[in-house]
>>> print(open('work_3.txt').read())   # compact mmCIF, C-alpha atoms
# COMPACT_ATOMS: atom_id res chain seq x y z
CA MET J 26 7.42 14.11 -54.13
CA ASN J 27 6.78 16.45 -51.22
CA LYS J 28 7.10 15.51 -47.56
CA VAL J 29 4.71 15.93 -44.64
CA ASP J 30 5.81 18.49 -42.06
CA VAL J 31 4.74 17.66 -38.51
CA LEU J 32 3.75 20.00 -35.69
CA LEU J 33 3.36 18.57 -32.21
CA GLY J 34 3.65 19.25 -28.49
CA LEU J 35 6.82 18.44 -26.55
CA GLN J 36 5.34 18.61 -23.02
CA TRP J 37 2.11 17.36 -21.43
CA GLY J 38 -0.14 19.01 -24.01
CA ASP J 39 -1.68 22.52 -23.92
CA GLU J 40 1.48 23.98 -25.46
CA GLY J 41 -0.35 26.23 -27.93
CA LYS J 42 -0.31 24.03 -31.04
CA GLY J 43 -3.59 25.42 -32.41
CA LYS J 44 -2.21 28.94 -32.58
CA ILE J 45 0.97 27.92 -34.42
CA VAL J 46 -0.98 25.75 -36.89
CA ASP J 47 -3.19 28.78 -37.57
CA VAL J 48 -0.12 31.00 -38.07
CA LEU J 49 1.59 28.45 -40.37
CA THR J 50 -1.50 27.43 -42.37
CA PRO J 51 -0.97 29.98 -45.20
CA GLU J 52 2.22 28.04 -46.06
CA TYR J 53 0.31 24.73 -46.51
CA ASP J 54 -2.35 23.30 -48.82
CA ILE J 55 -3.55 20.65 -46.35
CA ILE J 56 -3.73 20.51 -42.54
CA ALA J 57 -4.26 16.98 -41.20
CA ARG J 58 -4.99 15.73 -37.66
CA PHE J 59 -3.36 12.33 -37.12
CA GLN J 60 -4.38 11.12 -33.62
CA GLY J 61 -6.38 11.85 -30.50
CA GLY J 62 -9.96 12.98 -30.33
CA PRO J 63 -12.19 15.47 -28.51
CA ASN J 64 -9.86 15.27 -25.48
CA ALA J 65 -7.81 17.83 -27.42
CA GLY J 66 -8.61 21.53 -27.13
CA HIS J 67 -6.78 23.65 -29.69
CA THR J 68 -7.34 27.36 -29.04
CA LEU J 69 -7.02 29.96 -31.79
CA GLU J 70 -7.48 33.69 -31.27
CA PHE J 71 -7.83 36.35 -33.96
CA ASP J 72 -9.95 39.44 -34.65
CA GLY J 73 -10.73 39.55 -30.93
CA ILE J 74 -12.50 36.17 -30.99
CA LYS J 75 -11.36 32.99 -29.22
CA HIS J 76 -12.06 29.65 -30.91
CA VAL J 77 -11.58 26.20 -29.36
CA LEU J 78 -11.43 23.23 -31.73
CA HIS J 79 -11.50 19.62 -30.51
CA THR J 80 -11.56 17.35 -33.56
CA ILE J 81 -11.44 19.68 -36.53
CA PRO J 82 -7.94 20.68 -37.75
CA SER J 83 -6.81 24.20 -36.84
CA GLY J 84 -6.57 25.29 -40.49
CA ILE J 85 -10.35 25.48 -40.87
CA PHE J 86 -10.51 29.31 -40.70
CA ARG J 87 -7.95 29.92 -43.46
CA LYS J 88 -9.27 30.26 -47.02
CA GLY J 89 -7.96 27.83 -49.61
CA THR J 90 -6.81 25.21 -47.08
CA MET J 91 -8.06 21.63 -47.00
CA ASN J 92 -8.51 20.06 -43.56
CA VAL J 93 -8.25 16.30 -43.07
CA ILE J 94 -9.27 14.24 -40.04
CA GLY J 95 -6.98 11.20 -40.35
CA ASN J 96 -7.55 7.53 -39.62
CA GLY J 97 -5.70 7.77 -36.28
CA VAL J 98 -8.29 10.17 -34.85
CA VAL J 99 -11.30 9.02 -32.81
CA ILE J 100 -14.49 11.00 -33.41
CA ASP J 101 -17.38 11.62 -31.04
CA PRO J 102 -20.32 12.44 -33.37
CA VAL J 103 -22.00 14.48 -30.59
CA ILE J 104 -19.02 16.78 -29.93
CA PHE J 105 -18.22 16.87 -33.65
CA LYS J 106 -21.73 18.14 -34.44
CA GLN J 107 -21.40 20.82 -31.73
CA GLU J 108 -18.13 21.96 -33.34
CA ILE J 109 -19.71 22.13 -36.79
CA ASP J 110 -22.73 24.01 -35.35
CA ASN J 111 -20.37 26.52 -33.69
CA LEU J 112 -18.69 27.15 -37.04
CA ALA J 113 -22.01 27.91 -38.78
CA GLN J 114 -21.74 31.63 -37.92
CA PHE J 115 -18.55 31.89 -40.01
CA ASP J 116 -20.25 30.65 -43.17
CA LEU J 117 -17.43 28.22 -44.01
CA PRO J 118 -17.91 25.78 -46.93
CA ILE J 119 -17.44 22.81 -44.57
CA LYS J 120 -18.26 20.12 -47.18
CA ASP J 121 -15.57 21.48 -49.48
CA ILE J 122 -12.80 22.14 -46.96
CA LEU J 123 -13.17 19.31 -44.41
CA LEU J 124 -12.43 15.68 -45.31
CA ILE J 125 -12.88 12.78 -42.87
CA SER J 126 -11.08 9.44 -43.04
CA LYS J 127 -13.41 6.46 -43.40
CA LYS J 128 -10.96 4.58 -41.16
CA ALA J 129 -11.31 6.98 -38.19
CA HIS J 130 -12.99 5.24 -35.23
CA LEU J 131 -16.24 6.38 -33.63
CA ILE J 132 -16.73 7.15 -29.95
CA LEU J 133 -20.06 5.70 -28.81
CA PRO J 134 -22.07 7.01 -25.83
CA THR J 135 -21.19 3.73 -24.06
CA HIS J 136 -17.46 4.45 -24.56
CA ARG J 137 -17.94 7.60 -22.48
CA LEU J 138 -19.85 5.64 -19.85
CA LEU J 139 -17.08 3.00 -19.70
CA ASP J 140 -14.52 5.79 -19.27
CA ALA J 141 -16.46 7.30 -16.34
CA ALA J 142 -17.07 3.90 -14.72
CA SER J 143 -13.41 2.90 -15.03
CA GLU J 144 -12.16 6.21 -13.61
CA LYS J 145 -14.63 5.99 -10.71
CA ALA J 146 -13.49 2.44 -9.91
CA LYS J 147 -9.85 3.58 -9.71
CA GLY J 148 -10.69 5.95 -6.85
CA LYS J 149 -7.53 7.65 -5.60
CA GLU J 150 -5.47 6.01 -8.35
CA LYS J 151 -7.44 7.65 -11.16
CA ILE J 152 -5.37 8.88 -14.09
CA GLY J 153 -7.22 12.17 -14.61
CA SER J 154 -9.05 11.12 -17.77
CA THR J 155 -11.00 13.80 -19.67
CA LEU J 156 -13.91 11.28 -19.60
CA LYS J 157 -14.45 11.70 -23.35
CA GLY J 158 -14.40 7.94 -24.02
CA ILE J 159 -11.00 8.09 -25.73
CA GLY J 160 -9.36 5.16 -23.91
CA PRO J 161 -12.27 2.69 -24.32
CA THR J 162 -12.54 3.62 -28.03
CA TYR J 163 -8.86 2.92 -28.67
CA MET J 164 -9.25 -0.31 -26.65
CA ASP J 165 -12.03 -1.42 -28.99
CA LYS J 166 -9.87 -0.39 -31.95
CA THR J 167 -6.95 -2.57 -30.84
CA GLY J 168 -9.39 -5.27 -29.68
CA ARG J 169 -10.84 -5.28 -33.23
CA ASN J 170 -14.36 -4.47 -32.08
CA GLY J 171 -14.52 -0.81 -33.08
CA LEU J 172 -16.87 1.01 -35.42
CA ARG J 173 -15.37 3.30 -38.04
CA VAL J 174 -16.72 6.25 -40.00
CA GLY J 175 -16.98 4.04 -43.10
CA ASP J 176 -19.36 1.74 -41.20
CA ILE J 177 -22.06 4.43 -40.98
CA PHE J 178 -22.77 3.90 -44.69
CA SER J 179 -23.31 0.15 -44.21
CA PRO J 180 -26.96 -1.03 -44.39
CA ASN J 181 -26.43 -2.97 -41.14
CA PHE J 182 -24.76 -0.12 -39.19
CA LYS J 183 -27.51 -0.15 -36.52
CA GLU J 184 -26.96 -3.88 -36.06
CA LYS J 185 -23.19 -3.38 -35.63
CA TYR J 186 -23.85 -0.52 -33.21
CA ASN J 187 -26.27 -2.61 -31.09
CA LYS J 188 -23.81 -5.51 -30.95
CA LEU J 189 -21.01 -3.31 -29.61
CA VAL J 190 -23.34 -1.53 -27.17
CA GLU J 191 -24.51 -4.91 -25.85
CA LYS J 192 -20.88 -5.83 -25.14
CA HIS J 193 -20.32 -2.48 -23.35
CA VAL J 194 -23.49 -2.85 -21.24
CA GLY J 195 -22.21 -6.27 -20.14
CA ILE J 196 -18.99 -4.64 -18.91
CA LEU J 197 -20.88 -1.78 -17.21
CA ASP J 198 -22.97 -4.34 -15.31
CA HIS J 199 -19.78 -5.33 -13.47
CA HIS J 200 -19.36 -1.78 -12.12
CA GLU J 201 -21.50 -1.98 -9.00
CA GLY J 202 -23.40 1.17 -8.14
CA PHE J 203 -22.59 2.90 -11.44
CA GLU J 204 -25.83 4.40 -12.71
CA TYR J 205 -26.46 5.68 -16.22
CA ASP J 206 -29.21 6.44 -18.73
CA LEU J 207 -28.08 5.31 -22.18
CA LYS J 208 -31.44 6.09 -23.83
CA SER J 209 -31.05 9.80 -23.11
CA LEU J 210 -27.58 9.85 -24.74
CA GLU J 211 -28.43 8.09 -28.00
CA PRO J 212 -30.55 10.69 -29.88
CA ALA J 213 -27.69 13.23 -29.97
CA PHE J 214 -25.30 10.44 -31.11
CA PHE J 215 -27.49 9.48 -34.08
CA GLU J 216 -27.97 13.15 -35.00
CA GLY J 217 -24.18 13.38 -35.16
CA ILE J 218 -24.06 10.24 -37.33
CA GLU J 219 -26.53 11.86 -39.76
CA LEU J 220 -24.29 14.93 -39.97
CA LEU J 221 -21.21 12.75 -40.65
CA ARG J 222 -23.12 11.00 -43.46
CA SER J 223 -23.72 14.38 -45.11
CA LEU J 224 -20.02 15.38 -45.11
CA SER J 225 -17.07 14.40 -47.31
CA THR J 226 -15.53 11.09 -46.25
CA ILE J 227 -12.41 9.75 -47.97
CA ASP J 228 -9.68 7.13 -47.99
CA SER J 229 -7.34 9.63 -46.36
CA GLU J 230 -4.11 7.67 -46.93
CA GLN J 231 -4.78 7.69 -50.70
CA TYR J 232 -5.71 11.36 -50.63
CA ILE J 233 -2.63 12.50 -48.65
CA ASN J 234 -0.15 10.47 -50.72
CA ALA J 235 -1.69 11.60 -54.01
CA ALA J 236 -1.53 15.22 -52.80
CA LEU J 237 2.18 14.84 -51.94
CA LYS J 238 2.81 13.37 -55.40
CA GLU J 239 1.12 16.39 -56.96
CA GLY J 240 3.48 18.70 -55.06
CA LYS J 241 0.95 19.84 -52.46
CA THR J 242 2.21 20.88 -49.01
CA VAL J 243 0.89 19.03 -45.95
CA LEU J 244 1.15 19.88 -42.24
CA ALA J 245 0.28 17.12 -39.76
CA GLU J 246 -1.23 18.52 -36.56
CA GLY J 247 -0.64 16.55 -33.36
CA ALA J 248 -2.87 16.63 -30.29
CA GLN J 249 -1.91 16.32 -26.60
CA GLY J 250 1.87 16.19 -26.05
CA THR J 251 4.88 13.87 -26.21
CA LEU J 252 4.89 13.20 -22.44
CA LEU J 253 1.33 11.84 -22.79
CA ASP J 254 2.30 9.34 -25.51
CA ILE J 255 1.07 5.80 -24.82
CA ASP J 256 4.59 4.36 -25.32
CA PHE J 257 6.92 7.19 -24.35
CA GLY J 258 4.91 9.29 -21.90
CA SER J 259 4.71 9.17 -18.09
CA TYR J 260 2.83 5.85 -18.15
CA PRO J 261 0.17 5.05 -16.92
CA PHE J 262 -0.76 8.75 -16.73
CA VAL J 263 -0.91 9.05 -20.50
CA THR J 264 -3.37 9.24 -23.37
CA SER J 265 -4.26 6.22 -25.53
CA SER J 266 -2.56 7.21 -28.78
CA ASN J 267 0.92 7.87 -30.16
CA THR J 268 1.31 11.63 -29.88
CA VAL J 269 4.85 11.58 -31.33
CA THR J 270 6.11 11.97 -34.92
CA ALA J 271 5.80 8.22 -35.53
CA GLY J 272 2.04 8.61 -34.94
CA THR J 273 1.88 10.66 -38.14
CA CYS J 274 2.87 7.59 -40.17
CA THR J 275 0.21 5.34 -38.63
CA GLY J 276 -2.38 8.10 -38.19
CA LEU J 277 -2.28 9.35 -41.78
CA GLY J 278 -0.80 6.44 -43.72
CA VAL J 279 2.42 8.12 -44.78
CA ALA J 280 5.78 6.34 -44.90
CA PRO J 281 8.59 7.33 -42.48
CA THR J 282 10.62 8.50 -45.50
CA ARG J 283 7.85 11.01 -46.26
CA ILE J 284 8.32 12.98 -43.01
CA GLY J 285 9.85 16.43 -43.52
CA ASP J 286 10.37 19.15 -40.88
CA VAL J 287 9.25 18.43 -37.32
CA ILE J 288 8.18 21.55 -35.44
CA GLY J 289 8.17 20.99 -31.67
CA ILE J 290 6.02 23.31 -29.56
CA PHE J 291 6.74 24.04 -25.89
CA LYS J 292 5.75 26.60 -23.28
CA ALA J 293 8.33 28.90 -21.68
CA TYR J 294 7.37 27.01 -18.49
CA CYS J 295 5.50 23.72 -17.85
CA THR J 296 1.90 22.70 -17.17
CA ARG J 297 0.01 19.49 -16.73
CA VAL J 298 -3.72 18.63 -16.47
CA GLY J 299 -4.88 15.66 -14.41
CA SER J 300 -2.85 13.20 -12.36
CA GLY J 301 0.69 11.99 -12.90
CA PRO J 302 4.29 12.94 -12.16
CA PHE J 303 5.51 16.50 -12.68
CA PRO J 304 9.11 16.98 -11.42
CA THR J 305 9.16 20.81 -11.60
CA GLU J 306 5.65 21.46 -10.26
CA LEU J 307 5.26 24.53 -8.04
CA HIS J 308 2.88 24.26 -5.10
CA ASP J 309 3.40 27.84 -3.97
CA GLU J 310 2.33 31.37 -4.89
CA VAL J 311 4.78 31.32 -7.85
CA GLY J 312 2.87 28.40 -9.38
CA GLU J 313 -0.39 30.21 -8.66
CA SER J 314 0.82 33.43 -10.31
CA ILE J 315 1.86 31.47 -13.45
CA ARG J 316 -1.59 29.85 -13.52
CA LYS J 317 -3.32 33.23 -13.25
CA ALA J 318 -1.07 35.02 -15.76
CA GLY J 319 -1.34 32.16 -18.26
CA ALA J 320 -5.09 31.52 -17.71
CA GLU J 321 -4.05 27.92 -17.20
CA PHE J 322 -7.37 26.13 -17.24
CA GLY J 323 -8.07 23.23 -19.61
CA ALA J 324 -9.61 24.22 -22.98
CA THR J 325 -11.54 20.94 -22.98
CA THR J 326 -12.19 20.28 -19.28
CA GLY J 327 -11.90 23.73 -17.67
CA ARG J 328 -9.75 22.10 -14.95
CA PRO J 329 -6.98 24.25 -13.42
CA ARG J 330 -3.64 23.17 -14.84
CA ARG J 331 -0.71 22.35 -12.57
CA CYS J 332 2.17 24.76 -13.23
CA GLY J 333 5.95 24.62 -12.86
CA TRP J 334 9.28 25.70 -14.31
CA ILE J 335 10.58 24.49 -17.66
CA ASP J 336 12.05 20.97 -17.58
CA LEU J 337 15.07 20.50 -19.89
CA PRO J 338 15.64 16.73 -19.33
CA ALA J 339 12.02 16.10 -20.38
CA LEU J 340 12.30 18.51 -23.32
CA LYS J 341 15.54 16.93 -24.57
CA TYR J 342 13.85 13.53 -24.38
CA ALA J 343 10.84 14.78 -26.38
CA ILE J 344 13.11 16.39 -29.01
CA MET J 345 15.01 13.10 -29.38
CA ILE J 346 11.89 10.91 -29.71
CA ASN J 347 10.32 13.23 -32.29
CA GLY J 348 13.41 14.26 -34.24
CA ALA J 349 12.37 17.90 -33.79
CA SER J 350 14.15 20.09 -36.34
CA GLU J 351 12.88 23.45 -35.06
CA LEU J 352 11.09 24.74 -31.95
CA SER J 353 8.36 27.24 -31.12
CA MET J 354 8.37 28.76 -27.62
CA MET J 355 4.85 29.66 -26.51
CA LYS J 356 3.37 31.89 -23.80
CA SER J 357 6.63 33.74 -23.13
CA ASP J 358 4.52 36.71 -21.98
CA VAL J 359 3.25 34.69 -18.98
CA LEU J 360 6.71 35.14 -17.43
CA ASP J 361 6.59 38.94 -17.93
CA GLY J 362 6.27 39.64 -14.20
CA PHE J 363 9.28 37.67 -12.99
CA GLU J 364 12.60 39.12 -11.82
CA GLU J 365 14.02 35.62 -11.95
CA ILE J 366 13.13 32.51 -13.96
CA LYS J 367 14.18 29.03 -12.96
CA VAL J 368 15.13 26.20 -15.32
CA CYS J 369 15.42 22.51 -14.42
CA THR J 370 18.69 21.25 -15.95
CA HIS J 371 18.99 17.84 -14.25
CA TYR J 372 17.21 15.49 -11.86
CA ILE J 373 18.64 13.96 -8.72
CA ILE J 374 17.41 10.37 -8.43
CA ASP J 375 18.72 8.08 -5.67
CA GLY J 376 21.54 10.54 -5.05
CA LYS J 377 22.65 10.52 -8.70
CA LYS J 378 22.49 13.50 -11.06
CA VAL J 379 20.86 12.59 -14.39
CA ASP J 380 19.79 14.67 -17.39
CA TYR J 381 17.33 12.25 -18.98
CA LEU J 382 13.87 10.87 -18.29
CA PRO J 383 14.12 7.47 -16.54
CA PHE J 384 11.79 4.49 -17.10
CA ASP J 385 9.61 5.30 -14.13
CA ILE J 386 9.03 8.84 -13.00
CA THR J 387 5.72 7.92 -11.38
CA ASP J 388 6.92 6.09 -8.26
CA THR J 389 10.42 7.58 -8.17
CA GLU J 390 11.48 10.43 -5.91
CA ILE J 391 12.82 13.09 -8.28
CA GLU J 392 14.50 16.27 -7.10
CA PRO J 393 14.85 18.87 -9.86
CA VAL J 394 18.19 20.73 -10.11
CA LEU J 395 17.25 24.34 -10.83
CA GLU J 396 19.32 27.12 -12.38
CA THR J 397 18.28 30.75 -11.97
CA ILE J 398 18.16 33.09 -14.97
CA LYS J 399 17.43 36.81 -14.97
CA GLY J 400 13.84 37.54 -16.04
CA TRP J 401 12.84 40.39 -18.36
CA ASN J 402 10.19 41.67 -15.90
CA THR J 403 8.48 43.82 -18.53
CA ASP J 404 5.42 43.61 -20.80
CA ILE J 405 6.41 41.93 -24.09
CA THR J 406 2.90 41.50 -25.56
CA GLY J 407 3.32 44.51 -27.85
CA LEU J 408 6.57 43.33 -29.48
CA THR J 409 6.45 43.08 -33.27
CA SER J 410 9.97 41.75 -33.82
CA MET J 411 12.71 39.93 -31.91
CA ASP J 412 14.93 42.95 -32.58
CA GLU J 413 12.79 44.91 -30.08
CA ALA J 414 12.92 42.15 -27.44
CA PRO J 415 14.55 42.84 -24.07
CA LYS J 416 18.03 41.33 -23.76
CA GLU J 417 16.87 39.01 -20.95
CA LEU J 418 14.28 37.42 -23.30
CA THR J 419 16.80 36.89 -26.10
CA ASP J 420 19.25 35.53 -23.48
CA TYR J 421 16.60 33.05 -22.27
CA VAL J 422 15.94 31.91 -25.85
CA LYS J 423 19.69 31.54 -26.51
CA TYR J 424 20.18 29.64 -23.21
CA LEU J 425 17.45 27.15 -24.19
CA GLU J 426 18.81 26.78 -27.73
CA ASP J 427 22.29 26.02 -26.37
CA HIS J 428 20.94 23.32 -24.04
CA LEU J 429 18.40 21.82 -26.43
CA GLU J 430 20.65 22.02 -29.50
CA VAL J 431 17.69 22.87 -31.79
CA PRO J 432 16.83 26.38 -33.08
CA ILE J 433 13.84 28.20 -31.56
CA THR J 434 12.39 29.74 -34.74
CA THR J 435 9.18 31.20 -33.26
CA VAL J 436 8.52 33.06 -30.01
CA SER J 437 4.90 33.69 -29.02
CA VAL J 438 4.24 36.80 -26.90
CA GLY J 439 0.43 36.67 -26.65
CA PRO J 440 -2.63 34.63 -27.65
CA ASP J 441 -3.47 36.45 -30.89
CA ARG J 442 -2.07 35.17 -34.18
CA THR J 443 -0.37 38.56 -34.67
CA GLN J 444 1.58 38.20 -31.39
CA THR J 445 4.06 35.77 -32.94
CA LEU J 446 7.71 36.69 -33.47
CA ASN J 447 9.92 35.16 -36.15
CA ASN J 448 13.28 34.15 -34.68
CA LYS J 449 14.73 32.46 -37.77
CA LYS J 450 18.37 33.37 -38.02
>>> encode(input="work_3.txt", output="structure tokens")
Amino acid sequence: MNKVDVLLGLQWGDEGKGKIVDVLTPEYDIIARFQGGPNAGHTLEFDGIKHVLHTIPSGIFRKGTMNVIGNGVVIDPVIFKQEIDNLAQFDLPIKDILLISKKAHLILPTHRLLDAASEKAKGKEKIGSTLKGIGPTYMDKTGRNGLRVGDIFSPNFKEKYNKLVEKHVGILDHHEGFEYDLKSLEPAFFEGIELLRSLSTIDSEQYINAALKEGKTVLAEGAQGTLLDIDFGSYPFVTSSNTVTAGTCTGLGVAPTRIGDVIGIFKAYCTRVGSGPFPTELHDEVGESIRKAGAEFGATTGRPRRCGWIDLPALKYAIMINGASELSMMKSDVLDGFEEIKVCTHYIIDGKKVDYLPFDITDTEIEPVLETIKGWNTDITGLTSMDEAPKELTDYVKYLEDHLEVPITTVSVGPDRTQTLNNKK
């Protein structure tokens, strides 16, 4: 019986997972999303066109690949319909190549309103939510109130919907001064529900396990990043799902013994969207030049991302939690213009030097210990092989491999799927 390979982010999301899934897809029969929702923005670029996917797995453009939205994903029918409409120009046989778990939860318009009301009430302490209704939907899931994709085929779906909306409206009434117009949001929601009814819905855990038994190859695609995991991230500035390898088991219904290779994706530097701790953040012109060179603006929100140097204690932690067996280094070309690159090797906390992520990095004063490495200071976007790479780039890769103790098998030197170098020894 085959195993599920897992691909996920090792930082605060936005590592470039969509691109690597797209590059790896020809090696797999099935690409499956296992958690998160439309707060994810996976960007793929090929043939001069940029595509941003939010809910749909990043294998959708490759012929002969099945794409599964797993039970751990939360779906906003409105955003989902927009995604499907955007794909219409590519003439893809969506019904045949996209399968949706009946156990995936639905994001209601009132979930988005609850998200906005909650974030507004937090004022200065807001967590930087994408306001997509993700948190409230997962809260209803764990509170056993949620609506799932399978419910849309029930004759009393409207009744179930109204009951949950009534509960949400009761909560919204407690948010003084929060104004909204639910009636204007509902038509698009029900249009999305109609679209979902017309697509292929499945018991995804049965489908995935049967496929593995038949010898099919499966790649699980994670969203967000390890440091945003609800249990292991920089809490409370985290997402509402398990973004780590363990989330594959609960988000797709596969046993821990069925997990194969774990491919961890990281940027050659660090970014973060929204609030929360960021030990290596740069508040100077260096940070600004990384943001400009890397076009660091959220694929989902458009918000400028905070930028900083690579953080090895955090990366080591993420590798440990996920059991990463190989690494992909993304956006190396963003550092093309630097004479020197800095790397955070340790933190100083309360006068002590540590090389791991402590319980609380939110209210703790952390001073990063930085090492300086010689930059390549040349354009690497045209490289077609690691053999052509400047010595400083191969030195940087080797330095990271030595510290992280996991091989970096892929080095990305540009956004296009062709700008991907194989570094397998």
>>> residues_around(input="work_3.txt", residues="Glu396 in chain J", least_positions_apart="2", cutoff="9 Å", atoms="all atoms listed in the file", output="list in words")
Ile366, Lys367, Val368, Cys369, Thr370, Val394 and Ile398 of chain J
>>> residues_around(input="work_3.txt", residues="Gly38 in chain J", least_positions_apart="5", cutoff="8 Å", atoms="only C-alpha atoms", output="PDB file with C-alpha atoms, keeping the file's coordinate frame")
ATOM      1  CA  ALA J 248      -2.870  16.630 -30.290  1.00  0.00           C
ATOM      2  CA  GLN J 249      -1.910  16.320 -26.600  1.00  0.00           C
ATOM      3  CA  GLY J 250       1.870  16.190 -26.050  1.00  0.00           C
ATOM      4  CA  THR J 251       4.880  13.870 -26.210  1.00  0.00           C
ATOM      5  CA  LEU J 252       4.890  13.200 -22.440  1.00  0.00           C
ATOM      6  CA  LEU J 253       1.330  11.840 -22.790  1.00  0.00           C
ATOM      7  CA  ARG J 297       0.010  19.490 -16.730  1.00  0.00           C
TER       8      ARG J 297
END
>>> atom_distance(input="work_3.txt", atom1="CA of Ser83 in chain J", atom2="CA of Ala320 in chain J")
20.6 Å
>>> closest_residue(input="work_3.txt", among="J:Leu189, J:Leu112, J:Ala65, J:Met355", to="Asn170 in chain J", atoms="only C-alpha atoms")
J:Leu189
>>> atom_distance(input="work_3.txt", atom1="CA of Pro338 in chain J", atom2="CA of Thr268 in chain J")
18.5 Å
>>> atom_distance(input="work_3.txt", atom1="CA of Ser265 in chain J", atom2="CA of Gly62 in chain J")
10.1 Å
>>> residues_around(input="work_3.txt", residues="range 133-142 of chain J", least_positions_apart="5", cutoff="7 Å", atoms="only C-alpha atoms", output="PyMOL selection string")
chain J and resi 101+156-158+160-162+190+193+197+200+203+210-211
>>> write_last_selection(input="work_3.txt", atoms="C-alpha atoms", output="compact mmCIF listing (two decimals), in the coordinates of the input")
# COMPACT_ATOMS: atom_id res chain seq x y z
CA ASP J 101 -17.38 11.62 -31.04
CA LEU J 156 -13.91 11.28 -19.60
CA LYS J 157 -14.45 11.70 -23.35
CA GLY J 158 -14.40 7.94 -24.02
CA GLY J 160 -9.36 5.16 -23.91
CA PRO J 161 -12.27 2.69 -24.32
CA THR J 162 -12.54 3.62 -28.03
CA VAL J 190 -23.34 -1.53 -27.17
CA HIS J 193 -20.32 -2.48 -23.35
CA LEU J 197 -20.88 -1.78 -17.21
CA HIS J 200 -19.36 -1.78 -12.12
CA PHE J 203 -22.59 2.90 -11.44
CA LEU J 210 -27.58 9.85 -24.74
CA GLU J 211 -28.43 8.09 -28.00
>>> closest_residue(input="work_3.txt", among="J:Ser357, J:Thr443, J:Gln60, J:Asn111", to="His76 in chain J", atoms="only C-alpha atoms")
J:Asn111
>>> closest_residue(input="work_3.txt", among="J:Ser410, J:Asn447, J:Gln36, J:Thr387", to="Ala293 in chain J", atoms="all atoms listed in the file")
J:Gln36
>>> closest_atom_pairs(input="work_3.txt", of="range 137-244 of chain J", to="range 49-57 of chain J", cutoff="9 Å", atoms="all atoms listed in the file", output="CSV")
residue,atom,partner,partner_atom,distance
J:Ile233,CA,J:Ile55,CA,8.5
J:Ala236,CA,J:Ile55,CA,8.7
J:Lys241,CA,J:Asp54,CA,6.0
J:Thr242,CA,J:Tyr53,CA,5.0
J:Val243,CA,J:Ile55,CA,4.7
J:Leu244,CA,J:Ile56,CA,4.9
>>> closest_residue(input="work_3.txt", among="J:Phe291, J:Phe384, J:Trp401, J:Phe363", to="Ile344 in chain J", atoms="all atoms listed in the file")
J:Phe291
>>> build_atoms(input="work_3.txt", residues="range 281-293 of chain J", atoms="N, CA and C atoms", output="PDB file, in the frame of the given file")
ATOM      1  N   PRO J 281       7.603   6.566 -43.256  1.00  0.00           N
ATOM      2  CA  PRO J 281       8.590   7.330 -42.480  1.00  0.00           C
ATOM      3  C   PRO J 281       9.487   8.208 -43.362  1.00  0.00           C
ATOM      4  N   THR J 282       9.759   7.736 -44.580  1.00  0.00           N
ATOM      5  CA  THR J 282      10.620   8.500 -45.500  1.00  0.00           C
ATOM      6  C   THR J 282       9.925   9.749 -46.044  1.00  0.00           C
ATOM      7  N   ARG J 283       8.627   9.858 -45.771  1.00  0.00           N
ATOM      8  CA  ARG J 283       7.850  11.010 -46.260  1.00  0.00           C
ATOM      9  C   ARG J 283       7.724  12.117 -45.213  1.00  0.00           C
ATOM     10  N   ILE J 284       8.378  11.950 -44.059  1.00  0.00           N
ATOM     11  CA  ILE J 284       8.320  12.980 -43.010  1.00  0.00           C
ATOM     12  C   ILE J 284       9.375  14.044 -43.290  1.00  0.00           C
ATOM     13  N   GLY J 285       8.944  15.309 -43.271  1.00  0.00           N
ATOM     14  CA  GLY J 285       9.850  16.430 -43.520  1.00  0.00           C
ATOM     15  C   GLY J 285      10.294  17.099 -42.226  1.00  0.00           C
ATOM     16  N   ASP J 286      10.009  18.408 -42.100  1.00  0.00           N
ATOM     17  CA  ASP J 286      10.370  19.150 -40.880  1.00  0.00           C
ATOM     18  C   ASP J 286       9.473  18.728 -39.725  1.00  0.00           C
ATOM     19  N   VAL J 287      10.042  18.714 -38.534  1.00  0.00           N
ATOM     20  CA  VAL J 287       9.250  18.430 -37.320  1.00  0.00           C
ATOM     21  C   VAL J 287       9.352  19.645 -36.410  1.00  0.00           C
ATOM     22  N   ILE J 288       8.223  20.328 -36.245  1.00  0.00           N
ATOM     23  CA  ILE J 288       8.180  21.550 -35.440  1.00  0.00           C
ATOM     24  C   ILE J 288       7.671  21.195 -34.047  1.00  0.00           C
ATOM     25  N   GLY J 289       8.536  21.319 -33.052  1.00  0.00           N
ATOM     26  CA  GLY J 289       8.170  20.990 -31.670  1.00  0.00           C
ATOM     27  C   GLY J 289       7.732  22.242 -30.931  1.00  0.00           C
ATOM     28  N   ILE J 290       6.584  22.157 -30.273  1.00  0.00           N
ATOM     29  CA  ILE J 290       6.020  23.310 -29.560  1.00  0.00           C
ATOM     30  C   ILE J 290       6.181  23.101 -28.049  1.00  0.00           C
ATOM     31  N   PHE J 291       6.646  24.136 -27.353  1.00  0.00           N
ATOM     32  CA  PHE J 291       6.740  24.040 -25.890  1.00  0.00           C
ATOM     33  C   PHE J 291       6.426  25.401 -25.277  1.00  0.00           C
ATOM     34  N   LYS J 292       5.974  25.357 -24.028  1.00  0.00           N
ATOM     35  CA  LYS J 292       5.750  26.600 -23.280  1.00  0.00           C
ATOM     36  C   LYS J 292       7.054  27.054 -22.650  1.00  0.00           C
ATOM     37  N   ALA J 293       7.143  28.350 -22.345  1.00  0.00           N
ATOM     38  CA  ALA J 293       8.330  28.900 -21.680  1.00  0.00           C
ATOM     39  C   ALA J 293       8.430  28.383 -20.242  1.00  0.00           C
TER      40      ALA J 293
END
